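Coordinates as given in model08.csv (CSV, N, CA and C atoms):
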chain,number,residue,atom,x,y,z
A,1,MET,N,114.2,129.0,98.6
A,1,MET,CA,115.4,128.3,98.1
A,1,MET,C,114.9,126.9,97.6
A,2,ALA,N,114.8,126.8,96.3
A,2,ALA,CA,114.4,125.5,95.7
A,2,ALA,C,115.5,124.6,95.5
A,3,LEU,N,115.4,123.4,96.0
A,3,LEU,CA,116.4,122.4,95.8
A,3,LEU,C,116.2,121.7,94.5
A,4,THR,N,117.3,121.3,93.8
A,4,THR,CA,117.2,120.6,92.6
A,4,THR,C,117.1,119.1,92.9
A,5,ILE,N,116.8,118.4,91.9
A,5,ILE,CA,116.7,116.9,92.0
A,5,ILE,C,118.1,116.4,92.2
A,6,GLN,N,119.1,117.0,91.6
A,6,GLN,CA,120.5,116.6,91.8
A,6,GLN,C,121.0,116.8,93.2
A,7,GLU,N,120.5,117.9,93.9
A,7,GLU,CA,120.9,118.1,95.3
A,7,GLU,C,120.2,117.1,96.2
A,8,VAL,N,119.0,116.7,95.9
A,8,VAL,CA,118.3,115.7,96.6
A,8,VAL,C,119.0,114.4,96.5
A,9,GLU,N,119.4,114.0,95.2
A,9,GLU,CA,120.1,112.8,95.0
A,9,GLU,C,121.4,112.8,95.8
A,10,HIS,N,122.1,113.9,95.8
A,10,HIS,CA,123.4,114.0,96.6
A,10,HIS,C,123.1,113.7,98.1
A,11,VAL,N,122.1,114.4,98.7
A,11,VAL,CA,121.8,114.2,100.1
A,11,VAL,C,121.4,112.7,100.3
A,12,ALA,N,120.6,112.1,99.4
A,12,ALA,CA,120.2,110.7,99.5
A,12,ALA,C,121.4,109.8,99.5
A,13,LEU,N,122.4,110.1,98.6
A,13,LEU,CA,123.6,109.3,98.6
A,13,LEU,C,124.3,109.4,99.9
A,14,LEU,N,124.5,110.6,100.4
A,14,LEU,CA,125.2,110.8,101.7
A,14,LEU,C,124.5,110.0,102.8
A,15,ALA,N,123.1,110.0,102.8
A,15,ALA,CA,122.3,109.3,103.8
A,15,ALA,C,122.1,107.8,103.5
A,16,ARG,N,122.7,107.4,102.4
A,16,ARG,CA,122.6,106.0,102.0
A,16,ARG,C,121.1,105.6,101.8
A,17,LEU,N,120.3,106.5,101.1
A,17,LEU,CA,118.9,106.2,100.9
A,17,LEU,C,118.7,106.0,99.4
A,18,LYS,N,117.9,105.0,99.1
A,18,LYS,CA,117.5,104.8,97.7
A,18,LYS,C,116.1,105.3,97.4
A,19,LEU,N,116.1,106.4,96.6
A,19,LEU,CA,114.8,107.0,96.3
A,19,LEU,C,114.4,106.8,94.9
A,20,ASP,N,113.1,106.6,94.6
A,20,ASP,CA,112.6,106.6,93.2
A,20,ASP,C,112.4,108.0,92.8
A,21,ASP,N,112.0,108.2,91.5
A,21,ASP,CA,111.8,109.5,91.0
A,21,ASP,C,110.7,110.3,91.7
A,22,ASP,N,109.6,109.7,92.0
A,22,ASP,CA,108.5,110.3,92.7
A,22,ASP,C,108.9,110.9,94.1
A,23,GLU,N,109.7,110.0,94.8
A,23,GLU,CA,110.2,110.4,96.1
A,23,GLU,C,111.2,111.6,96.0
A,24,LYS,N,112.0,111.6,95.0
A,24,LYS,CA,113.0,112.7,94.8
A,24,LYS,C,112.2,114.0,94.6
A,25,GLU,N,111.2,114.0,93.8
A,25,GLU,CA,110.4,115.2,93.6
A,25,GLU,C,109.7,115.7,94.9
A,26,LEU,N,109.1,114.7,95.6
A,26,LEU,CA,108.5,115.0,96.8
A,26,LEU,C,109.4,115.6,97.8
A,27,PHE,N,110.6,115.0,98.0
A,27,PHE,CA,111.6,115.4,99.0
A,27,PHE,C,112.2,116.8,98.5
A,28,ALA,N,112.3,117.0,97.3
A,28,ALA,CA,112.8,118.3,96.8
A,28,ALA,C,111.9,119.4,97.2
A,29,ALA,N,110.6,119.2,97.1
A,29,ALA,CA,109.6,120.2,97.5
A,29,ALA,C,109.6,120.4,99.0
A,30,GLN,N,109.6,119.3,99.7
A,30,GLN,CA,109.5,119.3,101.2
A,30,GLN,C,110.7,120.0,101.8
A,31,LEU,N,111.9,119.6,101.3
A,31,LEU,CA,113.1,120.2,101.8
A,31,LEU,C,113.3,121.6,101.4
A,32,SER,N,112.8,122.0,100.3
A,32,SER,CA,112.8,123.4,99.9
A,32,SER,C,111.9,124.2,100.8
A,33,SER,N,110.7,123.7,101.1
A,33,SER,CA,109.9,124.5,102.0
A,33,SER,C,110.5,124.6,103.4
A,34,ILE,N,111.2,123.5,103.9
A,34,ILE,CA,111.8,123.6,105.2
A,34,ILE,C,112.9,124.6,105.2
A,35,LEU,N,113.7,124.7,104.1
A,35,LEU,CA,114.8,125.6,104.1
A,35,LEU,C,114.3,127.1,103.9
A,36,ASP,N,113.2,127.2,103.2
A,36,ASP,CA,112.6,128.6,103.1
A,36,ASP,C,112.1,129.0,104.5
A,37,TYR,N,111.5,128.1,105.2
A,37,TYR,CA,111.0,128.5,106.5
A,37,TYR,C,112.2,128.9,107.5
A,38,ALA,N,113.2,128.1,107.4
A,38,ALA,CA,114.4,128.4,108.3
A,38,ALA,C,115.1,129.7,107.8
A,39,ASN,N,115.0,130.0,106.5
A,39,ASN,CA,115.6,131.2,106.0
A,39,ASN,C,114.9,132.5,106.5
A,40,ARG,N,113.6,132.3,107.0
A,40,ARG,CA,112.9,133.4,107.5
A,40,ARG,C,113.6,134.0,108.7
A,41,LEU,N,114.4,133.3,109.4
A,41,LEU,CA,115.1,133.8,110.6
A,41,LEU,C,116.1,134.9,110.2
A,42,ASN,N,116.5,134.9,108.9
A,42,ASN,CA,117.4,136.0,108.5
A,42,ASN,C,116.7,137.4,108.4
A,43,GLU,N,115.4,137.3,108.4
A,43,GLU,CA,114.6,138.6,108.4
A,43,GLU,C,114.5,139.2,109.8
A,44,LEU,N,114.8,138.5,110.8
A,44,LEU,CA,114.7,139.0,112.2
A,44,LEU,C,115.8,140.0,112.5
A,45,SER,N,115.5,141.0,113.2
A,45,SER,CA,116.5,142.0,113.6
A,45,SER,C,117.1,141.4,115.0
A,46,THR,N,118.4,141.2,115.0
A,46,THR,CA,119.1,140.7,116.1
A,46,THR,C,120.1,141.7,116.6
A,47,GLU,N,120.0,142.9,116.3
A,47,GLU,CA,121.1,143.9,116.7
A,47,GLU,C,121.2,144.1,118.2
A,48,ASP,N,120.0,144.1,118.9
A,48,ASP,CA,120.0,144.3,120.3
A,48,ASP,C,120.1,143.1,121.2
A,49,VAL,N,120.3,141.9,120.5
A,49,VAL,CA,120.3,140.6,121.2
A,49,VAL,C,121.7,140.2,121.5
A,50,GLU,N,122.0,140.0,122.7
A,50,GLU,CA,123.4,139.5,123.1
A,50,GLU,C,123.5,138.0,122.8
A,51,PRO,N,124.6,137.5,122.3
A,51,PRO,CA,124.8,136.1,122.1
A,51,PRO,C,124.8,135.3,123.4
A,52,LEU,N,124.2,134.2,123.4
A,52,LEU,CA,124.1,133.3,124.5
A,52,LEU,C,124.9,132.1,124.4
A,53,VAL,N,125.5,131.7,125.5
A,53,VAL,CA,126.2,130.4,125.6
A,53,VAL,C,125.2,129.3,125.9
A,54,HIS,N,124.2,129.7,126.8
A,54,HIS,CA,123.2,128.7,127.2
A,54,HIS,C,121.9,129.5,127.4
A,55,ILE,N,120.7,128.9,127.1
A,55,ILE,CA,119.5,129.6,127.2
A,55,ILE,C,119.1,129.9,128.7
A,56,LEU,N,119.5,129.1,129.6
A,56,LEU,CA,119.2,129.3,131.0
A,56,LEU,C,120.3,129.9,131.8
A,57,PRO,N,120.1,130.7,132.8
A,57,PRO,CA,121.2,131.2,133.6
A,57,PRO,C,121.9,130.1,134.3
A,58,ILE,N,123.2,130.0,134.1
A,58,ILE,CA,124.0,129.0,134.8
A,58,ILE,C,125.0,129.6,135.7
A,59,TYR,N,125.1,129.1,136.9
A,59,TYR,CA,126.0,129.6,137.8
A,59,TYR,C,126.7,128.4,138.6
A,60,ASN,N,127.8,128.7,139.2
A,60,ASN,CA,128.5,127.6,139.9
A,60,ASN,C,127.7,127.2,141.1
A,61,VAL,N,127.4,125.9,141.2
A,61,VAL,CA,126.6,125.4,142.3
A,61,VAL,C,127.5,124.8,143.4
A,62,PHE,N,128.8,124.9,143.2
A,62,PHE,CA,129.7,124.3,144.2
A,62,PHE,C,129.9,125.2,145.4
A,63,ARG,N,130.0,124.6,146.6
A,63,ARG,CA,130.2,125.3,147.8
A,63,ARG,C,131.7,125.5,148.0
A,64,GLU,N,132.1,126.5,148.8
A,64,GLU,CA,133.5,126.7,149.2
A,64,GLU,C,134.0,125.5,150.0
A,65,ASP,N,135.2,125.1,149.8
A,65,ASP,CA,135.8,124.1,150.6
A,65,ASP,C,136.1,124.6,152.0
A,66,GLU,N,135.6,123.8,153.0
A,66,GLU,CA,135.8,124.1,154.3
A,66,GLU,C,136.3,122.9,155.1
A,67,VAL,N,137.3,123.0,155.9
A,67,VAL,CA,137.8,121.9,156.7
A,67,VAL,C,136.8,121.6,157.8
A,68,GLN,N,136.4,120.3,157.8
A,68,GLN,CA,135.5,119.9,158.9
A,68,GLN,C,136.0,118.6,159.5
A,69,PRO,N,135.7,118.4,160.7
A,69,PRO,CA,136.2,117.2,161.4
A,69,PRO,C,135.5,116.0,160.7
A,70,GLY,N,136.3,114.9,160.6
A,70,GLY,CA,135.8,113.7,160.1
A,70,GLY,C,135.0,112.9,161.1
A,71,THR,N,134.4,111.8,160.6
A,71,THR,CA,133.7,110.9,161.5
A,71,THR,C,134.7,110.1,162.3
A,72,PRO,N,134.4,110.0,163.6
A,72,PRO,CA,135.3,109.2,164.4
A,72,PRO,C,135.4,107.7,164.0
A,73,ARG,N,136.6,107.2,164.0
A,73,ARG,CA,136.9,105.8,163.6
A,73,ARG,C,136.0,104.8,164.3
A,74,GLU,N,135.8,104.9,165.5
A,74,GLU,CA,134.9,104.0,166.3
A,74,GLU,C,133.5,104.0,165.8
A,75,GLU,N,133.0,105.1,165.4
A,75,GLU,CA,131.6,105.2,164.9
A,75,GLU,C,131.5,104.5,163.5
A,76,ILE,N,132.6,104.7,162.7
A,76,ILE,CA,132.6,104.1,161.4
A,76,ILE,C,132.6,102.5,161.5
A,77,LEU,N,133.5,102.1,162.4
A,77,LEU,CA,133.7,100.6,162.6
A,77,LEU,C,132.6,100.0,163.3
A,78,SER,N,131.7,100.8,164.0
A,78,SER,CA,130.6,100.2,164.7
A,78,SER,C,129.6,99.6,163.7
A,79,ASN,N,129.6,100.0,162.5
A,79,ASN,CA,128.6,99.4,161.5
A,79,ASN,C,129.1,98.1,160.8
A,80,ALA,N,130.3,97.7,161.1
A,80,ALA,CA,130.9,96.5,160.5
A,80,ALA,C,130.3,95.3,161.1
A,81,PRO,N,130.0,94.3,160.3
A,81,PRO,CA,129.5,93.0,160.9
A,81,PRO,C,130.7,92.2,161.5
A,82,LEU,N,131.9,92.3,161.0
A,82,LEU,CA,133.1,91.7,161.6
A,82,LEU,C,134.2,92.6,161.6
A,83,LEU,N,135.0,92.6,162.8
A,83,LEU,CA,136.2,93.4,163.0
A,83,LEU,C,137.3,92.5,163.4
A,84,GLU,N,138.5,92.9,163.0
A,84,GLU,CA,139.7,92.2,163.4
A,84,GLU,C,140.8,93.2,163.4
A,85,ASP,N,141.5,93.4,164.6
A,85,ASP,CA,142.6,94.3,164.8
A,85,ASP,C,142.1,95.7,164.4
A,86,ASN,N,140.9,96.1,164.8
A,86,ASN,CA,140.4,97.4,164.5
A,86,ASN,C,140.3,97.8,163.0
A,87,GLN,N,140.0,96.7,162.2
A,87,GLN,CA,139.8,96.9,160.8
A,87,GLN,C,138.6,96.0,160.4
A,88,TYR,N,138.0,96.3,159.2
A,88,TYR,CA,137.0,95.5,158.7
A,88,TYR,C,137.5,94.1,158.3
A,89,LYS,N,136.8,93.1,158.7
A,89,LYS,CA,137.2,91.7,158.3
A,89,LYS,C,136.2,91.2,157.2
A,90,VAL,N,136.7,90.8,156.1
A,90,VAL,CA,135.8,90.3,155.0
A,90,VAL,C,136.2,88.9,154.7
A,91,PRO,N,135.3,88.2,154.0
A,91,PRO,CA,135.6,86.8,153.6
A,91,PRO,C,136.8,86.7,152.6
A,92,LYS,N,137.6,85.7,152.7
A,92,LYS,CA,138.7,85.5,151.8
A,92,LYS,C,138.1,85.1,150.4
A,93,ILE,N,138.6,85.8,149.4
A,93,ILE,CA,138.1,85.5,148.0
A,93,ILE,C,138.9,84.5,147.2
A,94,ILE,N,140.2,84.5,147.4
A,94,ILE,CA,141.0,83.6,146.6
A,94,ILE,C,141.3,82.4,147.4
Show this structure as structure tokens.
Amino acid sequence: MALTIQEVEHVALLARLKLDDDEKELFAAQLSSILDYANRLNELSTEDVEPLVHILPIYNVFREDEVQPGTPREEILSNAPLLEDNQYKVPKII
């Protein structure tokens, strides 16, 4: 698939690139060869290939919810540097 100079100019305009005439010819040849290479994928037989959502097998990694006892309040409060009325005491900010 050979790209024309006008198509390269259009792509350059969309990309906000300023190209001189030599660059337009160079990019037309390079982009044409890239598109030809990508077009080779159409030659592959994909009849027996199932469509993929993701290349790797993905499964749910979450565990089932189970009710478990919480940590006792005394154990949690034992880590506090200051306590007042069985609650954390923090410095006044305002």
Discussion item. So that I can see what lies close to Pro81 of chain A, please list as a ChimeraX atom specification the residues with an atom at most 12 Å from it, counting only C-alpha atoms and leaving out residues fewer than 6 positions away in the same chain.
Written reply: /A:87-91
All helix (DSSP H, G or I) positions in chain A, as a compact mmCIF listing (two decimals) with N, CA and C atoms, in the frame of the given file:
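Okay, result06.txt is ready:
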# COMPACT_ATOMS: atom_id res chain seq x y z
N ILE A 5 116.80 118.40 91.90
CA ILE A 5 116.70 116.90 92.00
C ILE A 5 118.10 116.40 92.20
N GLN A 6 119.10 117.00 91.60
CA GLN A 6 120.50 116.60 91.80
C GLN A 6 121.00 116.80 93.20
N GLU A 7 120.50 117.90 93.90
CA GLU A 7 120.90 118.10 95.30
C GLU A 7 120.20 117.10 96.20
N VAL A 8 119.00 116.70 95.90
CA VAL A 8 118.30 115.70 96.60
C VAL A 8 119.00 114.40 96.50
N GLU A 9 119.40 114.00 95.20
CA GLU A 9 120.10 112.80 95.00
C GLU A 9 121.40 112.80 95.80
N HIS A 10 122.10 113.90 95.80
CA HIS A 10 123.40 114.00 96.60
C HIS A 10 123.10 113.70 98.10
N VAL A 11 122.10 114.40 98.70
CA VAL A 11 121.80 114.20 100.10
C VAL A 11 121.40 112.70 100.30
N ALA A 12 120.60 112.10 99.40
CA ALA A 12 120.20 110.70 99.50
C ALA A 12 121.40 109.80 99.50
N LEU A 13 122.40 110.10 98.60
CA LEU A 13 123.60 109.30 98.60
C LEU A 13 124.30 109.40 99.90
N LEU A 14 124.50 110.60 100.40
CA LEU A 14 125.20 110.80 101.70
C LEU A 14 124.50 110.00 102.80
N ASP A 21 112.00 108.20 91.50
CA ASP A 21 111.80 109.50 91.00
C ASP A 21 110.70 110.30 91.70
N ASP A 22 109.60 109.70 92.00
CA ASP A 22 108.50 110.30 92.70
C ASP A 22 108.90 110.90 94.10
N GLU A 23 109.70 110.00 94.80
CA GLU A 23 110.20 110.40 96.10
C GLU A 23 111.20 111.60 96.00
N LYS A 24 112.00 111.60 95.00
CA LYS A 24 113.00 112.70 94.80
C LYS A 24 112.20 114.00 94.60
N GLU A 25 111.20 114.00 93.80
CA GLU A 25 110.40 115.20 93.60
C GLU A 25 109.70 115.70 94.90
N LEU A 26 109.10 114.70 95.60
CA LEU A 26 108.50 115.00 96.80
C LEU A 26 109.40 115.60 97.80
N PHE A 27 110.60 115.00 98.00
CA PHE A 27 111.60 115.40 99.00
C PHE A 27 112.20 116.80 98.50
N ALA A 28 112.30 117.00 97.30
CA ALA A 28 112.80 118.30 96.80
C ALA A 28 111.90 119.40 97.20
N ALA A 29 110.60 119.20 97.10
CA ALA A 29 109.60 120.20 97.50
C ALA A 29 109.60 120.40 99.00
N GLN A 30 109.60 119.30 99.70
CA GLN A 30 109.50 119.30 101.20
C GLN A 30 110.70 120.00 101.80
N LEU A 31 111.90 119.60 101.30
CA LEU A 31 113.10 120.20 101.80
C LEU A 31 113.30 121.60 101.40
N SER A 32 112.80 122.00 100.30
CA SER A 32 112.80 123.40 99.90
C SER A 32 111.90 124.20 100.80
N SER A 33 110.70 123.70 101.10
CA SER A 33 109.90 124.50 102.00
C SER A 33 110.50 124.60 103.40
N ILE A 34 111.20 123.50 103.90
CA ILE A 34 111.80 123.60 105.20
C ILE A 34 112.90 124.60 105.20
N LEU A 35 113.70 124.70 104.10
CA LEU A 35 114.80 125.60 104.10
C LEU A 35 114.30 127.10 103.90
N ASP A 36 113.20 127.20 103.20
CA ASP A 36 112.60 128.60 103.10
C ASP A 36 112.10 129.00 104.50
N TYR A 37 111.50 128.10 105.20
CA TYR A 37 111.00 128.50 106.50
C TYR A 37 112.20 128.90 107.50
N ALA A 38 113.20 128.10 107.40
CA ALA A 38 114.40 128.40 108.30
C ALA A 38 115.10 129.70 107.80
N ASN A 39 115.00 130.00 106.50
CA ASN A 39 115.60 131.20 106.00
C ASN A 39 114.90 132.50 106.50
N ARG A 40 113.60 132.30 107.00
CA ARG A 40 112.90 133.40 107.50
C ARG A 40 113.60 134.00 108.70
N LEU A 41 114.40 133.30 109.40
CA LEU A 41 115.10 133.80 110.60
C LEU A 41 116.10 134.90 110.20
N ASN A 42 116.50 134.90 108.90
CA ASN A 42 117.40 136.00 108.50
C ASN A 42 116.70 137.40 108.40
N GLU A 43 115.40 137.30 108.40
CA GLU A 43 114.60 138.60 108.40
C GLU A 43 114.50 139.20 109.80
N ARG A 73 136.60 107.20 164.00
CA ARG A 73 136.90 105.80 163.60
C ARG A 73 136.00 104.80 164.30
N GLU A 74 135.80 104.90 165.50
CA GLU A 74 134.90 104.00 166.30
C GLU A 74 133.50 104.00 165.80
N GLU A 75 133.00 105.10 165.40
CA GLU A 75 131.60 105.20 164.90
C GLU A 75 131.50 104.50 163.50
N ILE A 76 132.60 104.70 162.70
CA ILE A 76 132.60 104.10 161.40
C ILE A 76 132.60 102.50 161.50
N LEU A 77 133.50 102.10 162.40
CA LEU A 77 133.70 100.60 162.60
C LEU A 77 132.60 100.00 163.30
Item to complete: Please indicate the distance in Å from atom C of Asn42 of chain A to atom C of Glu25 of chain A, rounded to one decimal place.
Response: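 Answer for the atom C of Asn42 of chain A to atom C of Glu25 of chain A separation: 26.5 Å.
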Worksheet item: So how far away is atom N of Arg16 of chain A from atom N of Gln30 of chain A, in Å?
Response: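 Value for the atom N of Gln30 of chain A-atom N of Arg16 of chain A distance: 17.9 Å.
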As a compact mmCIF listing (two decimals) with N, CA and C atoms, in the frame of the given file, please: every residue in chain A that DSSP puts in strand (DSSP E).
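Full text of states-v1.txt as output:
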# COMPACT_ATOMS: atom_id res chain seq x y z
N LEU A 83 135.00 92.60 162.80
CA LEU A 83 136.20 93.40 163.00
C LEU A 83 137.30 92.50 163.40
N GLU A 84 138.50 92.90 163.00
CA GLU A 84 139.70 92.20 163.40
C GLU A 84 140.80 93.20 163.40
N GLN A 87 140.00 96.70 162.20
CA GLN A 87 139.80 96.90 160.80
C GLN A 87 138.60 96.00 160.40
N TYR A 88 138.00 96.30 159.20
CA TYR A 88 137.00 95.50 158.70
C TYR A 88 137.50 94.10 158.30
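Minimum atom-to-atom distance to Glu9 of chain A, evaluated using all atoms listed in the file, belongs to A:Ala28 out of A:Ile55, A:Glu75, A:Leu44, A:Ala28.
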